[in-house]
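J.: The structure's right below; bear with me while I get my questions together.
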Amino acid sequence: MPKHEPIFGMPISHVRAILGFACREILRTGRPLGLWRYNAMDLVIVPIAEWERLKALEAATMATHDKDPGELPRSEGGGEGGGEGGG
């Protein structure tokens with residue numbers, strides 16, 4: 001997670017005790033909640049809108065990444081050029 005992301009953190013044992021409050025606070029502020037376990041932040045809870053935005057970004061990134069190999073000169077362009085030069 002980028003360091004500029006404004007998340008707040010708390011121990012997971014505290015979250016278990018106040019889960020309803022934590023959910024309301026995440027929805028109210030729109031800020032993610034980082035959960036510490038054994039003195040390390042292991043998990044981040046985000047509002048559903050943020051999760052959907054991240055999933056859409058991931059899908060767009062994957063779609064863009066999938067297109068890249070076809071744009072390489074040795075793929076479509078290179079294959080056609082090699083076939084014409086060889087025949």
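Residues in the structure tokens are named by chain (A, B, ... in the order shown) and by number from 1 within that chain; ligands are numbered from 1 in the order shown.
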Within 9 Å of segment 34-51 of chain A, counting only C-alpha atoms, which residues qualify if same-chain residues fewer than 5 places away don't, as a list in words?

T.: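 Listing them by chain and then by number gives Ile7, Phe8, Gly9, Met10, Pro11, Ile12, Ser13, Val15, Cys23, Ile26, Leu27 and Ala56 of chain A.
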
J.: For the atom pair atom CA of Ile18 of chain A and atom CA of Pro32 of chain A, what is the interatomic distance in Å to one decimal place?

T.: 15.6 Å

J.: One number please: atom CA of Arg31 of chain A to atom CA of Pro6 of chain A, in Å, one decimal.

T.: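 Computed distance, atom CA of Arg31 of chain A to atom CA of Pro6 of chain A, equals 6.7 Å.
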
J.: Just list the residues in segment 24-76 of chain A DSSP gives strand (DSSP E) on the backbone, as a CSV table (one decimal) with N, CA and C atoms, in the first residue's frame.

T.:
```csv
chain,number,residue,atom,x,y,z
A,33,LEU,N,-9.1,0.9,7.0
A,33,LEU,CA,-8.7,0.5,8.4
A,33,LEU,C,-7.6,-0.5,8.3
A,34,GLY,N,-6.4,-0.3,8.8
A,34,GLY,CA,-5.4,-1.3,8.9
A,34,GLY,C,-5.4,-2.0,10.2
A,35,LEU,N,-5.3,-3.3,10.1
A,35,LEU,CA,-5.4,-4.2,11.3
A,35,LEU,C,-4.0,-4.7,11.6
A,36,TRP,N,-3.6,-4.5,12.9
A,36,TRP,CA,-2.3,-5.0,13.3
A,36,TRP,C,-2.5,-6.4,14.0
A,37,ARG,N,-1.6,-7.3,13.7
A,37,ARG,CA,-1.6,-8.6,14.4
A,37,ARG,C,-0.2,-8.9,14.7
A,40,ALA,N,2.3,-6.2,13.6
A,40,ALA,CA,2.5,-6.0,12.1
A,40,ALA,C,1.2,-5.8,11.5
A,41,MET,N,1.1,-4.8,10.6
A,41,MET,CA,-0.2,-4.5,9.9
A,41,MET,C,-0.3,-5.6,8.8
A,42,ASP,N,-1.3,-6.5,8.9
A,42,ASP,CA,-1.5,-7.6,8.0
A,42,ASP,C,-2.6,-7.4,7.1
A,43,LEU,N,-3.6,-6.6,7.4
A,43,LEU,CA,-4.8,-6.5,6.7
A,43,LEU,C,-5.3,-5.1,6.6
A,44,VAL,N,-6.0,-4.8,5.6
A,44,VAL,CA,-6.6,-3.5,5.4
A,44,VAL,C,-8.1,-3.7,5.0
A,45,ILE,N,-9.0,-3.1,5.7
A,45,ILE,CA,-10.4,-3.1,5.4
A,45,ILE,C,-10.8,-1.8,4.7
```
